[in-house]
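Data block for final09.pdb (PDB, C-alpha atoms):
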```pdb
ATOM      1  CA  MET A   1     -12.580  32.096   0.749
ATOM      2  CA  ASN A   2     -13.076  31.722   4.489
ATOM      3  CA  SER A   3     -12.933  35.229   5.964
ATOM      4  CA  TYR A   4     -11.247  33.895   9.110
ATOM      5  CA  ILE A   5      -8.026  32.862   7.362
ATOM      6  CA  GLY A   6      -5.336  34.612   5.357
ATOM      7  CA  HIS A   7      -4.198  31.723   3.134
ATOM      8  CA  PRO A   8      -5.840  28.331   2.453
ATOM      9  CA  SER A   9      -2.711  26.504   3.674
ATOM     10  CA  GLN A  10      -3.539  27.731   7.171
ATOM     11  CA  ILE A  11      -6.127  24.940   7.239
ATOM     12  CA  LEU A  12      -5.576  22.532   4.329
ATOM     13  CA  GLY A  13      -3.741  21.904   1.082
ATOM     14  CA  VAL A  14      -0.541  20.430  -0.330
ATOM     15  CA  GLU A  15       3.017  21.476   0.485
ATOM     16  CA  GLU A  16       6.096  20.173  -1.310
ATOM     17  CA  HIS A  17       9.208  19.424   0.740
ATOM     18  CA  ARG A  18      12.604  17.792   0.378
ATOM     19  CA  LEU A  19      14.400  15.680   2.959
ATOM     20  CA  THR A  20      17.909  16.584   4.032
ATOM     21  CA  GLY A  21      20.498  14.213   5.480
ATOM     22  CA  GLY A  22      20.759  10.465   5.775
ATOM     23  CA  LYS A  23      19.735   7.947   3.135
ATOM     24  CA  GLY A  24      16.622   9.971   2.367
ATOM     25  CA  ASP A  25      18.558  13.069   1.381
ATOM     26  CA  GLY A  26      16.907  14.954  -1.482
ATOM     27  CA  MET A  27      13.708  12.910  -1.601
ATOM     28  CA  ARG A  28      10.628  14.858  -2.703
ATOM     29  CA  LEU A  29       7.577  14.709  -0.449
ATOM     30  CA  LEU A  30       4.055  16.092  -0.695
ATOM     31  CA  GLN A  31       2.489  16.885   2.676
ATOM     32  CA  VAL A  32      -1.312  16.776   2.372
ATOM     33  CA  ARG A  33      -3.960  18.010   4.861
ATOM     34  CA  ASN A  34      -7.711  18.053   4.336
ATOM     35  CA  GLY A  35      -8.552  20.323   7.294
ATOM     36  CA  LEU A  36     -10.684  17.629   8.951
ATOM     37  CA  GLY A  37      -7.911  15.748  10.705
ATOM     38  CA  LEU A  38      -6.571  13.565   7.873
ATOM     39  CA  GLU A  39      -2.918  14.116   6.961
ATOM     40  CA  PHE A  40      -0.640  12.064   4.737
ATOM     41  CA  THR A  41       2.702  12.240   2.931
ATOM     42  CA  VAL A  42       3.241  11.200  -0.684
ATOM     43  CA  SER A  43       6.791  10.030  -1.386
ATOM     44  CA  LEU A  44       7.324  11.135  -4.989
ATOM     45  CA  ASP A  45      10.660   9.371  -5.383
ATOM     46  CA  ARG A  46       9.231   6.076  -4.174
ATOM     47  CA  CYS A  47       6.414   5.385  -6.664
ATOM     48  CA  ALA A  48       4.345   8.212  -5.147
ATOM     49  CA  ASP A  49       3.543   5.799  -2.320
ATOM     50  CA  ILE A  50       2.219   7.064   1.016
ATOM     51  CA  SER A  51       4.952   7.131   3.634
ATOM     52  CA  ARG A  52       3.042   8.675   6.550
ATOM     53  CA  LEU A  53      -0.654   8.882   7.354
ATOM     54  CA  SER A  54      -2.441  10.074  10.484
ATOM     55  CA  LEU A  55      -5.934  10.928  11.687
ATOM     56  CA  PHE A  56      -6.435  13.553  14.408
ATOM     57  CA  SER A  57      -2.636  13.360  14.993
ATOM     58  CA  HIS A  58      -2.828   9.602  15.682
ATOM     59  CA  ASN A  59      -0.350   7.733  13.491
ATOM     60  CA  ILE A  60      -1.863   4.926  11.414
ATOM     61  CA  GLY A  61       0.985   3.624   9.222
ATOM     62  CA  PHE A  62       4.178   1.700   9.984
ATOM     63  CA  PHE A  63       7.749   2.916   9.599
ATOM     64  CA  ALA A  64      10.381   0.198   9.195
ATOM     65  CA  PRO A  65      13.794   0.416  10.921
ATOM     66  CA  CYS A  66      15.535   1.731   7.773
ATOM     67  CA  GLY A  67      13.323   4.846   7.656
ATOM     68  CA  TYR A  68      13.370   6.952   4.499
ATOM     69  CA  VAL A  69      15.699   5.536   1.833
ATOM     70  CA  ALA A  70      16.223   7.170  -1.565
ATOM     71  CA  PRO A  71      15.992   4.915  -4.645
ATOM     72  CA  SER A  72      19.716   5.387  -5.306
ATOM     73  CA  TYR A  73      20.358   2.995  -2.388
ATOM     74  CA  TYR A  74      18.033   0.304  -3.708
ATOM     75  CA  ASP A  75      19.501  -3.212  -3.815
ATOM     76  CA  ASN A  76      17.644  -5.197  -6.482
ATOM     77  CA  VAL A  77      19.264  -8.550  -5.724
ATOM     78  CA  GLY A  78      17.323 -11.203  -3.834
ATOM     79  CA  ASN A  79      15.853  -9.794  -0.631
ATOM     80  CA  GLY A  80      17.779  -6.508  -0.877
ATOM     81  CA  PHE A  81      14.369  -4.814  -1.050
ATOM     82  CA  LEU A  82      14.195  -5.093   2.759
ATOM     83  CA  LYS A  83      17.140  -2.701   3.163
ATOM     84  CA  SER A  84      14.986   0.110   1.770
ATOM     85  CA  PHE A  85      11.493  -1.086   2.710
ATOM     86  CA  THR A  86      10.248   2.016   4.514
ATOM     87  CA  GLY A  87       6.848   0.400   4.802
ATOM     88  CA  GLY A  88       4.859   3.550   5.340
ATOM     89  CA  PHE A  89       1.103   3.410   4.923
ATOM     90  CA  LEU A  90       1.464   2.174   1.328
ATOM     91  CA  THR A  91       4.205   0.380  -0.552
ATOM     92  CA  THR A  92       3.302  -0.679  -4.091
ATOM     93  CA  CYS A  93       4.666  -4.074  -5.168
ATOM     94  CA  GLY A  94       5.022  -5.003  -8.849
ATOM     95  CA  LEU A  95       4.506  -4.350 -11.674
ATOM     96  CA  THR A  96       5.927  -7.481 -13.279
ATOM     97  CA  ALA A  97       6.916  -9.325 -10.096
ATOM     98  CA  VAL A  98       5.437  -9.573  -6.597
ATOM     99  CA  GLY A  99       6.414 -11.659  -3.614
ATOM    100  CA  SER A 100       9.372 -13.946  -3.066
ATOM    101  CA  ALA A 101      12.598 -13.385  -4.958
ATOM    102  CA  CYS A 102      12.904 -16.046  -7.635
ATOM    103  CA  GLU A 103      14.051 -16.938 -11.130
ATOM    104  CA  ASP A 104      11.326 -17.109 -13.767
ATOM    105  CA  ASN A 105      11.870 -17.786 -17.475
ATOM    106  CA  GLY A 106      15.580 -17.145 -17.036
ATOM    107  CA  GLU A 107      15.028 -13.775 -15.347
ATOM    108  CA  LYS A 108      16.190 -13.182 -11.779
ATOM    109  CA  LEU A 109      13.479 -11.273  -9.938
ATOM    110  CA  PRO A 110      13.940  -9.403  -6.646
ATOM    111  CA  LEU A 111      11.544  -9.490  -3.716
ATOM    112  CA  HIS A 112       8.333  -7.545  -4.530
ATOM    113  CA  GLY A 113       9.570  -6.118  -7.835
ATOM    114  CA  THR A 114      11.113  -2.721  -8.496
ATOM    115  CA  ILE A 115       8.240  -0.235  -8.834
ATOM    116  CA  SER A 116       8.310   0.919  -5.194
ATOM    117  CA  ASN A 117      11.885   2.112  -5.645
ATOM    118  CA  THR A 118      11.125   4.013  -8.854
ATOM    119  CA  PRO A 119      10.663   7.821  -8.771
ATOM    120  CA  CYS A 120       7.670   9.358 -10.478
ATOM    121  CA  GLU A 121       8.526  11.270 -13.670
ATOM    122  CA  VAL A 122       5.697  13.798 -13.533
ATOM    123  CA  HIS A 123       3.421  14.961 -10.741
ATOM    124  CA  SER A 124       0.769  17.620 -10.214
ATOM    125  CA  TYR A 125      -1.887  18.561  -7.692
ATOM    126  CA  THR A 126      -5.002  20.683  -7.547
ATOM    127  CA  VAL A 127      -7.248  21.856  -4.726
ATOM    128  CA  ASN A 128     -10.865  22.822  -5.215
ATOM    129  CA  GLU A 129     -13.839  23.274  -2.911
ATOM    130  CA  LYS A 130     -14.566  19.544  -2.715
ATOM    131  CA  GLU A 131     -11.260  17.675  -2.904
ATOM    132  CA  ILE A 132      -7.512  17.555  -3.278
ATOM    133  CA  VAL A 133      -6.341  15.654  -6.365
ATOM    134  CA  ILE A 134      -2.770  14.426  -6.830
ATOM    135  CA  ASP A 135      -1.522  12.856 -10.075
ATOM    136  CA  ALA A 136       1.743  11.023 -10.687
ATOM    137  CA  LEU A 137       3.297   9.058 -13.546
ATOM    138  CA  ILE A 138       5.723   6.183 -12.899
ATOM    139  CA  ARG A 139       7.370   3.985 -15.553
ATOM    140  CA  ASP A 140       8.435   0.403 -14.919
ATOM    141  CA  ALA A 141      10.264  -0.112 -18.197
ATOM    142  CA  SER A 142      13.604  -1.061 -19.674
ATOM    143  CA  LEU A 143      15.159  -1.733 -23.086
ATOM    144  CA  PHE A 144      14.574  -5.238 -24.526
ATOM    145  CA  SER A 145      12.213  -6.052 -21.670
ATOM    146  CA  ASP A 146       8.790  -5.288 -20.200
ATOM    147  CA  GLN A 147       7.539  -1.726 -20.511
ATOM    148  CA  LEU A 148       4.694  -0.734 -18.196
ATOM    149  CA  GLU A 149       3.382   2.616 -17.040
ATOM    150  CA  LEU A 150       1.519   3.455 -13.843
ATOM    151  CA  LYS A 151      -0.717   6.515 -13.719
ATOM    152  CA  ARG A 152      -1.621   7.168 -10.088
ATOM    153  CA  LYS A 153      -4.287   9.478  -8.748
ATOM    154  CA  TYR A 154      -5.116  10.284  -5.131
ATOM    155  CA  ILE A 155      -8.468  11.915  -4.392
ATOM    156  CA  CYS A 156      -8.730  13.313  -0.868
ATOM    157  CA  SER A 157     -12.154  14.612   0.153
ATOM    158  CA  LEU A 158     -12.532  17.971   1.895
ATOM    159  CA  ASP A 159     -16.021  17.038   3.107
ATOM    160  CA  GLU A 160     -15.132  13.839   4.965
ATOM    161  CA  ASN A 161     -12.056  11.833   5.910
ATOM    162  CA  LYS A 162     -12.023   9.777   2.748
ATOM    163  CA  LEU A 163      -9.082   8.920   0.502
ATOM    164  CA  THR A 164      -9.272   7.162  -2.869
ATOM    165  CA  VAL A 165      -6.354   5.530  -4.673
ATOM    166  CA  LEU A 166      -6.999   5.262  -8.416
ATOM    167  CA  ASP A 167      -4.311   3.523 -10.478
ATOM    168  CA  THR A 168      -4.149   2.732 -14.180
ATOM    169  CA  VAL A 169      -1.458   0.347 -15.403
ATOM    170  CA  LYS A 170      -0.787   0.293 -19.154
ATOM    171  CA  ASN A 171       1.500  -1.786 -21.325
ATOM    172  CA  ILE A 172       3.336   0.830 -23.383
ATOM    173  CA  GLY A 173       5.617  -1.740 -25.043
ATOM    174  CA  SER A 174       5.180  -4.065 -27.994
ATOM    175  CA  ARG A 175       5.259  -7.419 -26.196
ATOM    176  CA  ILE A 176       2.975  -9.259 -23.802
ATOM    177  CA  SER A 177       4.148  -8.726 -20.238
ATOM    178  CA  PRO A 178       3.505 -10.394 -16.893
ATOM    179  CA  TYR A 179       1.287  -8.151 -14.787
ATOM    180  CA  MET A 180       1.487  -8.424 -10.999
ATOM    181  CA  ILE A 181       0.470  -5.770  -8.490
ATOM    182  CA  LEU A 182      -0.042  -5.859  -4.735
ATOM    183  CA  TYR A 183      -0.930  -2.908  -2.501
ATOM    184  CA  HIS A 184       1.064  -3.302   0.702
ATOM    185  CA  PHE A 185      -0.990  -1.183   3.148
ATOM    186  CA  ASN A 186       0.792  -1.244   6.492
ATOM    187  CA  ILE A 187      -0.857  -0.529   9.849
ATOM    188  CA  GLY A 188       1.359   0.458  12.762
ATOM    189  CA  TYR A 189       1.215   1.776  16.327
ATOM    190  CA  PRO A 190      -0.807   3.378  17.870
ATOM    191  CA  MET A 191      -3.556   2.299  15.472
ATOM    192  CA  LEU A 192      -2.109  -1.181  15.790
ATOM    193  CA  SER A 193      -2.060  -2.548  19.333
ATOM    194  CA  GLU A 194      -3.677  -5.263  21.404
ATOM    195  CA  HIS A 195      -6.685  -2.907  21.656
ATOM    196  CA  ALA A 196      -7.309  -3.076  17.894
ATOM    197  CA  GLU A 197     -10.209  -5.017  16.419
ATOM    198  CA  LEU A 198      -9.681  -6.403  12.919
ATOM    199  CA  LYS A 199     -12.543  -7.456  10.652
ATOM    200  CA  ILE A 200     -12.099  -9.148   7.274
ATOM    201  CA  PRO A 201     -15.468 -10.676   6.269
ATOM    202  CA  ASN A 202     -14.598 -13.771   4.274
ATOM    203  CA  LYS A 203     -15.707 -17.086   2.794
ATOM    204  CA  GLY A 204     -12.429 -18.820   3.569
ATOM    205  CA  ILE A 205      -8.858 -18.320   4.802
ATOM    206  CA  THR A 206      -5.783 -20.134   3.478
ATOM    207  CA  PRO A 207      -2.515 -20.005   5.455
ATOM    208  CA  ARG A 208       0.537 -19.341   3.322
ATOM    209  CA  ASN A 209       2.637 -22.061   4.941
ATOM    210  CA  GLU A 210       2.713 -24.678   7.692
ATOM    211  CA  HIS A 211       3.848 -22.170  10.314
ATOM    212  CA  ALA A 212       0.907 -19.846   9.612
ATOM    213  CA  SER A 213      -1.518 -22.785   9.684
ATOM    214  CA  LYS A 214      -0.640 -23.427  13.341
ATOM    215  CA  TYR A 215      -2.019 -20.016  14.307
ATOM    216  CA  ILE A 216      -4.945 -19.648  11.923
ATOM    217  CA  ASP A 217      -7.476 -19.558  14.770
ATOM    218  CA  ASN A 218      -5.832 -16.335  15.979
ATOM    219  CA  CYS A 219      -5.206 -14.690  12.616
ATOM    220  CA  LEU A 220      -7.640 -11.818  13.315
ATOM    221  CA  ILE A 221      -6.399 -11.270  16.874
ATOM    222  CA  ILE A 222      -3.846  -8.509  17.425
ATOM    223  CA  GLU A 223      -1.373  -9.360  20.187
ATOM    224  CA  LYS A 224       1.211  -7.283  22.020
ATOM    225  CA  PRO A 225       4.727  -7.076  20.543
ATOM    226  CA  GLN A 226       6.657 -10.307  21.132
ATOM    227  CA  LYS A 227      10.278 -11.400  20.974
ATOM    228  CA  ASN A 228      11.271 -13.611  18.054
ATOM    229  CA  PHE A 229       7.837 -13.548  16.410
ATOM    230  CA  GLU A 230       7.826 -15.300  13.034
ATOM    231  CA  GLU A 231       5.678 -13.601  10.423
ATOM    232  CA  GLN A 232       2.375 -15.167   9.406
ATOM    233  CA  CYS A 233       0.544 -14.676   6.112
ATOM    234  CA  TYR A 234      -3.036 -15.591   5.242
ATOM    235  CA  TYR A 235      -4.949 -15.448   1.972
ATOM    236  CA  TYR A 236      -8.607 -14.420   2.242
ATOM    237  CA  ASP A 237     -11.600 -14.963   0.015
ATOM    238  CA  VAL A 238     -13.136 -11.645   1.036
ATOM    239  CA  ILE A 239     -16.912 -11.279   0.941
ATOM    240  CA  GLU A 240     -18.308  -8.606  -1.389
ATOM    241  CA  GLU A 241     -21.206  -6.326  -0.495
ATOM    242  CA  ASN A 242     -22.587  -4.067  -3.223
ATOM    243  CA  LYS A 243     -19.698  -5.228  -5.448
ATOM    244  CA  LYS A 244     -17.105  -4.083  -2.905
ATOM    245  CA  ALA A 245     -14.867  -6.170  -0.710
ATOM    246  CA  ALA A 246     -13.884  -4.606   2.598
ATOM    247  CA  ALA A 247     -11.536  -4.864   5.561
ATOM    248  CA  GLU A 248     -11.768  -2.778   8.716
ATOM    249  CA  ILE A 249      -9.668  -2.047  11.770
ATOM    250  CA  TYR A 250     -10.651  -0.018  14.833
ATOM    251  CA  ASN A 251      -8.656   0.751  17.958
ATOM    252  CA  LYS A 252     -10.950   1.355  20.912
ATOM    253  CA  ASN A 253      -8.091   2.727  23.014
ATOM    254  CA  ILE A 254      -7.594   5.783  20.796
ATOM    255  CA  GLY A 255     -11.056   5.772  19.235
ATOM    256  CA  ILE A 256     -10.109   5.778  15.544
ATOM    257  CA  GLY A 257     -10.385   3.320  12.706
ATOM    258  CA  LEU A 258     -10.448   2.824   8.961
ATOM    259  CA  LYS A 259     -12.388   0.843   6.407
ATOM    260  CA  MET A 260     -10.800  -0.255   3.140
ATOM    261  CA  MET A 261     -12.999  -1.030   0.125
ATOM    262  CA  TYR A 262     -12.031  -2.375  -3.295
ATOM    263  CA  ASN A 263     -13.396  -4.291  -6.296
ATOM    264  CA  LYS A 264     -12.546  -8.001  -6.484
ATOM    265  CA  GLU A 265     -12.932  -7.954 -10.272
ATOM    266  CA  GLN A 266      -9.887  -5.673 -10.310
ATOM    267  CA  LEU A 267      -7.993  -7.160  -7.358
ATOM    268  CA  ASP A 268      -8.966 -10.772  -6.784
ATOM    269  CA  SER A 269      -6.456 -11.598  -4.034
ATOM    270  CA  PHE A 270      -6.174 -10.380  -0.456
ATOM    271  CA  THR A 271      -3.220 -11.101   1.821
ATOM    272  CA  GLN A 272      -2.956 -10.442   5.534
ATOM    273  CA  TRP A 273       0.624 -10.027   6.742
ATOM    274  CA  LYS A 274       0.807 -10.407  10.503
ATOM    275  CA  MET A 275       4.099  -9.411  12.138
ATOM    276  CA  MET A 276       3.827  -8.974  15.911
ATOM    277  CA  SER A 277       7.540  -8.693  16.686
ATOM    278  CA  GLU A 278       9.132  -6.110  18.959
ATOM    279  CA  HIS A 279      10.271  -3.108  16.871
ATOM    280  CA  GLU A 280       8.835  -4.841  13.775
ATOM    281  CA  TYR A 281       5.201  -4.533  14.799
ATOM    282  CA  VAL A 282       3.033  -4.251  11.715
ATOM    283  CA  LEU A 283      -0.124  -5.538  10.077
ATOM    284  CA  GLY A 284      -0.294  -5.668   6.290
ATOM    285  CA  LEU A 285      -3.693  -5.454   4.584
ATOM    286  CA  GLU A 286      -2.875  -6.222   0.970
ATOM    287  CA  PRO A 287      -5.331  -6.369  -1.924
ATOM    288  CA  GLY A 288      -3.750  -7.372  -5.226
ATOM    289  CA  ASN A 289      -4.145  -9.338  -8.430
ATOM    290  CA  CYS A 290      -1.847 -12.070  -7.093
ATOM    291  CA  THR A 291      -0.473 -13.687  -3.960
ATOM    292  CA  PRO A 292       3.106 -12.960  -2.797
ATOM    293  CA  ASP A 293       4.386 -16.483  -3.543
ATOM    294  CA  GLY A 294       6.664 -15.406  -6.387
ATOM    295  CA  ARG A 295       6.222 -15.228 -10.151
ATOM    296  CA  ASP A 296       7.702 -18.664 -10.761
ATOM    297  CA  ILE A 297       5.150 -20.315  -8.478
ATOM    298  CA  LEU A 298       2.223 -18.439 -10.039
ATOM    299  CA  ARG A 299       3.364 -19.359 -13.551
ATOM    300  CA  LYS A 300       3.727 -23.008 -12.550
ATOM    301  CA  ASN A 301       0.228 -22.984 -11.021
ATOM    302  CA  GLY A 302      -1.323 -21.272 -14.050
ATOM    303  CA  GLN A 303      -2.218 -18.171 -11.979
ATOM    304  CA  LEU A 304       0.119 -15.623 -13.566
ATOM    305  CA  LYS A 305      -1.684 -12.727 -15.253
ATOM    306  CA  PHE A 306      -0.525 -10.891 -18.373
ATOM    307  CA  ILE A 307      -1.088  -7.528 -20.014
ATOM    308  CA  GLU A 308      -1.166  -7.105 -23.803
ATOM    309  CA  PRO A 309       0.446  -4.180 -25.677
ATOM    310  CA  GLU A 310      -1.716  -1.043 -25.296
ATOM    311  CA  GLN A 311      -3.930  -2.866 -22.792
ATOM    312  CA  GLU A 312      -4.597  -1.180 -19.455
ATOM    313  CA  PHE A 313      -6.092  -2.113 -16.103
ATOM    314  CA  THR A 314      -7.574   0.256 -13.533
ATOM    315  CA  ASN A 315      -7.647  -0.409  -9.783
ATOM    316  CA  GLN A 316      -9.576   1.647  -7.243
ATOM    317  CA  ILE A 317      -9.218   1.405  -3.464
ATOM    318  CA  GLU A 318     -11.186   3.625  -1.079
ATOM    319  CA  PHE A 319     -10.500   4.409   2.557
ATOM    320  CA  LEU A 320     -12.940   5.825   5.074
ATOM    321  CA  PHE A 321     -11.290   7.058   8.274
ATOM    322  CA  PHE A 322     -13.452   7.516  11.333
ATOM    323  CA  GLY A 323     -13.316   8.245  15.064
ATOM    324  CA  LYS A 324     -13.058  11.024  17.598
ATOM    325  CA  ARG A 325     -10.575  13.837  17.992
TER     326      ARG A 325
END
```
Output the file's structure in the form of structure tokens.
Amino acid sequence: MNSYIGHPSQILGVEEHRLTGGKGDGMRLLQVRNGLGLEFTVSLDRCADISRLSLFSHNIGFFAPCGYVAPSYYDNVGNGFLKSFTGGFLTTCGLTAVGSACEDNGEKLPLHGTISNTPCEVHSYTVNEKEIVIDALIRDASLFSDQLELKRKYICSLDENKLTVLDTVKNIGSRISPYMILYHFNIGYPMLSEHAELKIPNKGITPRNEHASKYIDNCLIIEKPQKNFEEQCYYYDVIEENKKAAAEIYNKNIGIGLKMMYNKEQLDSFTQWKMMSEHEYVLGLEPGNCTPDGRDILRKNGQLKFIEPEQEFTNQIEFLFFGKR
């Protein structure tokens, strides 16, 4: 142990907290620090997603107007998801539905599925000389329906500002199930501003709709917040280098950035969500195994993926954070 300190938590580690008051009352949070300037918060009652993340005290993620909202307030009808969409650095969408609310095979599906409003059942964490490891188990299952399980692991390096998300989704039921997952990574101010430079090396970009197509030439340009901005979404065929696809953002004004890397064999879709509105100023960088067009559209187009009983899929996403203090 470092002879300069009395307890490891003086510098790094994991602390467990609970929120008090408001719609987030009682929510369990893990506050994580690696001692090198990377700090993040794991929201255990919201799929063990990452609500806050900062580097050298500079905020990187986005917080939506609703703030923290406990799953007991979740509205699973239509677009009710937006009433409790905290955003944060990561919101997980899925596991059997992603994207637009719709009706598919007689089932009414809410916007972006239900997993992000599901508490984890079990969690644990360990700290060693090299890394902090956090494990969580979340079930997306119900009687007479699909039964999936998400085992989530975060690996936070103590040698560099690197964070790995390692997820395994397994079908624990006895029937074939639709399998849709999208990682809604949200960049907010001050990382996100007109001083930010966004790079998504690609072989092609497809606008989601006619409105987005009008602005495709500016899709990688980050503007100042605007009144009445209408969201724009783009689908990228991201270029792989050494079997990894990557996206990067750097803000020269504050001197920090991040690079996201993932495997396209695991996550073959990538969506950019561009929302430059006042007070709703956010950039979504979203690898997934599907687009957010809704399960009915994907089924109709023959793009819907399935997971067999006992089958499992593993997804790994790595982040390198860099810059100056």
#### Entry: Distance of CA of Arg52 (chain A) from CA of Glu318 (chain A), expressed in Å to one decimal place
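So the two atoms, CA of Glu318 (chain A) and CA of Arg52 (chain A), lie 16.9 Å apart.
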### Two-atom distance - CA of Leu163 (chain A), CA of Leu38 (chain A) (Å)
9.1 Å
### Exercise: region 210-218 of chain A partners within 9 Å, only C-alpha atoms, chain neighbours under 3 positions left out, as a list in words
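Everything that qualifies: Ile205, Thr206, Pro207, Ile221, Ile222, Glu230, Glu231, Gln232, Cys233 and Tyr234 of chain A.
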### Query
What is the distance between CA of Gly21 (chain A) and CA of Thr41 (chain A), in Å to one decimal?
18.1 Å
#### Entry: Pick from A:Lys130, A:Arg295, A:Ile256, A:Ala247, whichever lies nearest to Glu107 (chain A) using only C-alpha atoms
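When distances to Glu107 (chain A) are compared using only C-alpha atoms, the smallest one comes from A:Arg295.
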### Task
Using the chain letters and numbers from the file, give me the residues hit by the PyMOL selection byres ((chain A and resi 189) around 12), as a ChimeraX atom specification.
/A:53-54,58-64,88-89,186-188,190-196,222,224-225,251,253-254,276,278-283
### Task
Can you work out which one of A:Asp268, A:Glu286, A:Asp25, A:Glu15 has the shortest atom-to-atom distance to Gly67 (chain A), counting all atoms listed in the file?
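Checking each candidate against Gly67 (chain A), we get A:Asp25 as the closest.
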